[in-house]
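**Student:** The structure follows.
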Amino acid sequence: MTNGPWERTSPVRPYVITGGRAESAGEPLSWESLIMATDAAFPATLQPEHLAILTHCQGLLSVAEVAAHLGQPPSVLQVLLADLLEWGLIVTRPPIPPAERADVTMLRKVLSGLESRL
Amino acid sequence: MDSKADFEPWPEAPAHPGQGAAGRAAAAADPAPGGGKYVASSVRGAAKILVVGPLGVGKTTLIGTVSEIKPLFTEAVMTRAGAAVDTPAQSTKTTTTVALDFGRITIDEDLVLYLFGTPGQHRFLPAWRDLAKGALGALALIDPRDVAASFDALGHLEDLDLPFAVAVNVFPDSPQHTEDELRMALDLLPGTPLVRCDARDGTSSNQALIALVRHLILAATESP
Ligand SMILES: Nc1nc2c(ncn2[C@@H]2O[C@H](COP(=O)(O)OP(=O)(O)OP(=O)(O)O)[C@@H](O)[C@H]2O)c(=O)[nH]1
Ligand SMILES: [Mg+2]
């Protein structure tokens with residue numbers, strides 16, 4: 001059995017949902033990226049999968065949460081979200097970039113947030 | 001340096017009545033952080049911490065006791081990094097299905113923290129690379145009845161250069177290891193925190209997270 005360039009070993013269902021694209025153009029949104037639907041009017045032709053995302057994103061939620069609410073793997077969601085971003089139907093708040101990982105101010109913020117829960 | 005400078009303000013929450021009104025009303029009616037389905041609209045960024053460890057060590061339990069939302073679950077199909085993009089003609093794309101659970105803690109009005117439970121078995125290790133990207137650090141759970149079961153997870157954290165703290169989850173039939181014995185068995189660096197916790201107890205679990213974050217602060221202030 002040859003493994004031609006068009007062959008994919010990814011599961012069928014995500015491939016179908018995302019219209020044949022397995023990767024979105026840019027860097028996919030990370031799981032903790034926060035997203036929210038915008039106020040923009042959406043086209044009547046919107047796929048049900050896109051619509052489902054919008055109805056779950058009337059407030060801020062992470063990509064992982066939307067994936068869990070919809071029962072979709074995050075990898076599928078990332079592709080659909082790239083569409084919605086491009087169409088201006090969602091906005092995203094990027095996660096803390098890796099450069100900020102060692103940002104002591106942010107870590108102190110996390111520490112006092114956790115301590116306030118004791 | 002003020003990290004907030006990188007944040008742009010969020011647009012106002014969409015206000016079309018009727019659609020998703022229940023969820024939005026719940027979020028709006030709850031001024032206390034993190035009560036409802038949605039993250040508070042003032043939040044401008046998210047951070048994450050991984051909770052790692054072998055099968056049955058208490059990852060899901062710990063996440064559940066500290067999370068403000070009912071822990072959620074997602075079945076991720078992860079692709080071994082790089083295999084999909086470079087030479088498709090040769091690559092047999094390796095995919096692994098990983099069950100991940102996660103929880104959420106609102107830190108303050110502009111920051112939310114996600115905890116991702118990451119299974120430690122060897123076959124799941126490729127999936128860590130994506131999740132570890134941008135993570136603050138990891139809490140490694142140890143089952144004192146089977147310390148060796150955590151070796152894979154600890155080794156992988158070291159490979160990824162992800163700072164971590166170790167929490168020994170105390171079970172009723174746990175053997176009584178001394179701290180020195182455990183440090184020796186786990187081959188921990190002297191600076192790596194080693195704490196005991198009961199994952200079923202929110203305060204205890206929160207204290208384990210606090211030990212981790214204190215360690216991260218130390219590491220960040222010591223490094224050049
Ligand atoms: N006594 C005691 N039992 C615990 C503790 N933490 C977890 N358990 C129990 O141990 C079992 C496994 O805990 P889980 O939280 O499901 O473990 P896990 O790491 O998520 O397991 P997998 O997802 O299967 O890898 C459950 O029955 C818990 O109730 C603890 O600190 N003390
Ligand atoms: Mg679990």
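To be explicit about the labels: the chains of the structure tokens are called A, B, and onward in the order shown, and within each one the residues are counted from 1, while ligands get numbers from 1 in the order they are shown.
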Return as a VMD selection string every polymer residue, whether protein, DNA or RNA, with at least one atom no more than 12 Å from an atom of ligand 2; count only C-alpha atoms and all ligand atoms.

**Tutor:** chain B and resid 51 to 64 71 to 75 98 to 103 116 to 120 141 199

**Student:** Would you mind exporting the chosen residues as a compact mmCIF listing (two decimals), in the first residue's frame, restricted to N, CA, C and O atoms?

**Tutor:**
```
# COMPACT_ATOMS: atom_id res chain seq x y z
N VAL B 51 -1.18 19.41 34.80
CA VAL B 51 -1.19 18.48 35.93
C VAL B 51 -0.88 17.11 35.33
O VAL B 51 -1.67 16.58 34.55
N VAL B 52 0.29 16.58 35.66
CA VAL B 52 0.73 15.37 34.98
C VAL B 52 0.91 14.23 35.98
O VAL B 52 1.07 14.46 37.18
N GLY B 53 0.87 13.02 35.46
CA GLY B 53 1.08 11.87 36.33
C GLY B 53 0.51 10.61 35.73
O GLY B 53 -0.24 10.67 34.76
N PRO B 54 0.87 9.48 36.32
CA PRO B 54 0.45 8.19 35.76
C PRO B 54 -1.04 7.91 35.98
O PRO B 54 -1.73 8.66 36.68
N LEU B 55 -1.48 6.85 35.40
CA LEU B 55 -2.88 6.40 35.48
C LEU B 55 -3.36 6.33 36.93
O LEU B 55 -2.70 5.77 37.79
N GLY B 56 -4.50 6.95 37.17
CA GLY B 56 -5.15 6.80 38.47
C GLY B 56 -4.48 7.51 39.63
O GLY B 56 -4.78 7.25 40.79
N VAL B 57 -3.59 8.43 39.35
CA VAL B 57 -2.83 9.09 40.43
C VAL B 57 -3.65 10.19 41.11
O VAL B 57 -3.33 10.61 42.22
N GLY B 58 -4.69 10.67 40.44
CA GLY B 58 -5.53 11.70 41.04
C GLY B 58 -5.58 13.01 40.27
O GLY B 58 -6.01 14.03 40.80
N LYS B 59 -5.20 13.01 39.01
CA LYS B 59 -5.20 14.24 38.20
C LYS B 59 -6.61 14.83 38.09
O LYS B 59 -6.83 16.01 38.35
N THR B 60 -7.55 13.97 37.69
CA THR B 60 -8.92 14.44 37.51
C THR B 60 -9.51 14.93 38.83
O THR B 60 -10.18 15.96 38.88
N THR B 61 -9.19 14.21 39.90
CA THR B 61 -9.70 14.58 41.22
C THR B 61 -9.17 15.96 41.61
O THR B 61 -9.93 16.83 42.04
N LEU B 62 -7.87 16.18 41.45
CA LEU B 62 -7.27 17.45 41.85
C LEU B 62 -7.85 18.60 41.03
O LEU B 62 -8.22 19.65 41.58
N ILE B 63 -7.96 18.41 39.74
CA ILE B 63 -8.50 19.47 38.89
C ILE B 63 -9.93 19.80 39.31
O ILE B 63 -10.32 20.95 39.40
N GLY B 64 -10.68 18.74 39.61
CA GLY B 64 -12.07 18.93 40.01
C GLY B 64 -12.21 19.71 41.31
O GLY B 64 -13.12 20.52 41.46
N PRO B 71 -15.22 20.11 35.91
CA PRO B 71 -14.13 19.77 35.00
C PRO B 71 -14.67 19.27 33.67
O PRO B 71 -15.61 18.50 33.62
N LEU B 72 -14.07 19.75 32.61
CA LEU B 72 -14.50 19.37 31.28
C LEU B 72 -13.52 18.38 30.70
O LEU B 72 -12.40 18.23 31.16
N PHE B 73 -13.98 17.74 29.67
CA PHE B 73 -13.24 16.64 29.12
C PHE B 73 -13.21 16.80 27.61
O PHE B 73 -14.20 17.15 27.00
N THR B 74 -12.08 16.60 27.02
CA THR B 74 -12.04 16.59 25.57
C THR B 74 -11.12 15.49 25.08
O THR B 74 -10.11 15.17 25.71
N GLU B 75 -11.53 14.89 24.01
CA GLU B 75 -10.77 13.79 23.44
C GLU B 75 -9.97 14.36 22.28
O GLU B 75 -10.53 14.69 21.25
N VAL B 98 -5.82 11.40 22.90
CA VAL B 98 -5.50 11.67 24.29
C VAL B 98 -6.73 12.22 24.99
O VAL B 98 -7.32 13.19 24.53
N ALA B 99 -7.11 11.60 26.06
CA ALA B 99 -8.22 12.12 26.86
C ALA B 99 -7.66 13.13 27.85
O ALA B 99 -6.83 12.82 28.67
N LEU B 100 -8.12 14.36 27.72
CA LEU B 100 -7.62 15.41 28.60
C LEU B 100 -8.77 16.00 29.38
O LEU B 100 -9.82 16.29 28.81
N ASP B 101 -8.57 16.18 30.66
CA ASP B 101 -9.59 16.94 31.37
C ASP B 101 -8.95 18.23 31.85
O ASP B 101 -7.73 18.33 31.99
N PHE B 102 -9.78 19.20 32.04
CA PHE B 102 -9.23 20.50 32.42
C PHE B 102 -10.22 21.27 33.26
O PHE B 102 -11.42 21.02 33.26
N GLY B 103 -9.67 22.21 34.01
CA GLY B 103 -10.48 23.06 34.86
C GLY B 103 -10.00 24.50 34.76
O GLY B 103 -9.03 24.79 34.06
N PHE B 116 -4.63 21.72 32.88
CA PHE B 116 -4.85 20.61 31.96
C PHE B 116 -4.27 19.33 32.55
O PHE B 116 -3.07 19.26 32.85
N GLY B 117 -5.11 18.33 32.71
CA GLY B 117 -4.65 17.02 33.18
C GLY B 117 -4.07 16.25 32.01
O GLY B 117 -4.73 16.02 31.01
N THR B 118 -2.83 15.85 32.16
CA THR B 118 -2.11 15.26 31.04
C THR B 118 -1.61 13.88 31.44
O THR B 118 -0.83 13.75 32.37
N PRO B 119 -2.10 12.84 30.76
CA PRO B 119 -1.71 11.49 31.16
C PRO B 119 -0.23 11.22 30.91
O PRO B 119 0.36 11.72 29.96
N GLY B 120 0.37 10.45 31.79
CA GLY B 120 1.81 10.28 31.76
C GLY B 120 2.32 9.07 30.99
O GLY B 120 3.52 8.93 30.80
N LEU B 141 2.07 14.72 39.81
CA LEU B 141 1.50 13.93 40.90
C LEU B 141 2.19 12.57 40.99
O LEU B 141 2.45 11.93 39.97
N ALA B 199 -5.66 15.06 46.91
CA ALA B 199 -6.30 15.65 45.73
C ALA B 199 -7.80 15.85 45.93
O ALA B 199 -8.41 16.65 45.23
```

**Student:** What lies within 12 Å of segment 65-67 of chain A using only C-alpha atoms, ignoring chain neighbours under 2 positions off, as a PyMOL selection string?

**Tutor:** (chain A and resi 30-37+49-50+52-63+69-81) or (chain B and resi 37-39+69-76+100-104+114-116)

**Student:** Measuring between only C-alpha atoms and all ligand atoms, which one of B:Pro172, B:Gly45, B:Gly155, B:Pro190 shows the shortest distance to ligand 1?

**Tutor:**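 Between B:Pro172, B:Gly45, B:Gly155, B:Pro190, the residue approaching ligand 1 most closely is B:Pro172.
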
**Student:** As a PyMOL selection string, which residues of segment 39-221 of chain B does DSSP assign to strand (DSSP E)?

**Tutor:** chain B and resi 45-53+72-79+95-108+111-119+137-142+164-169+194-197
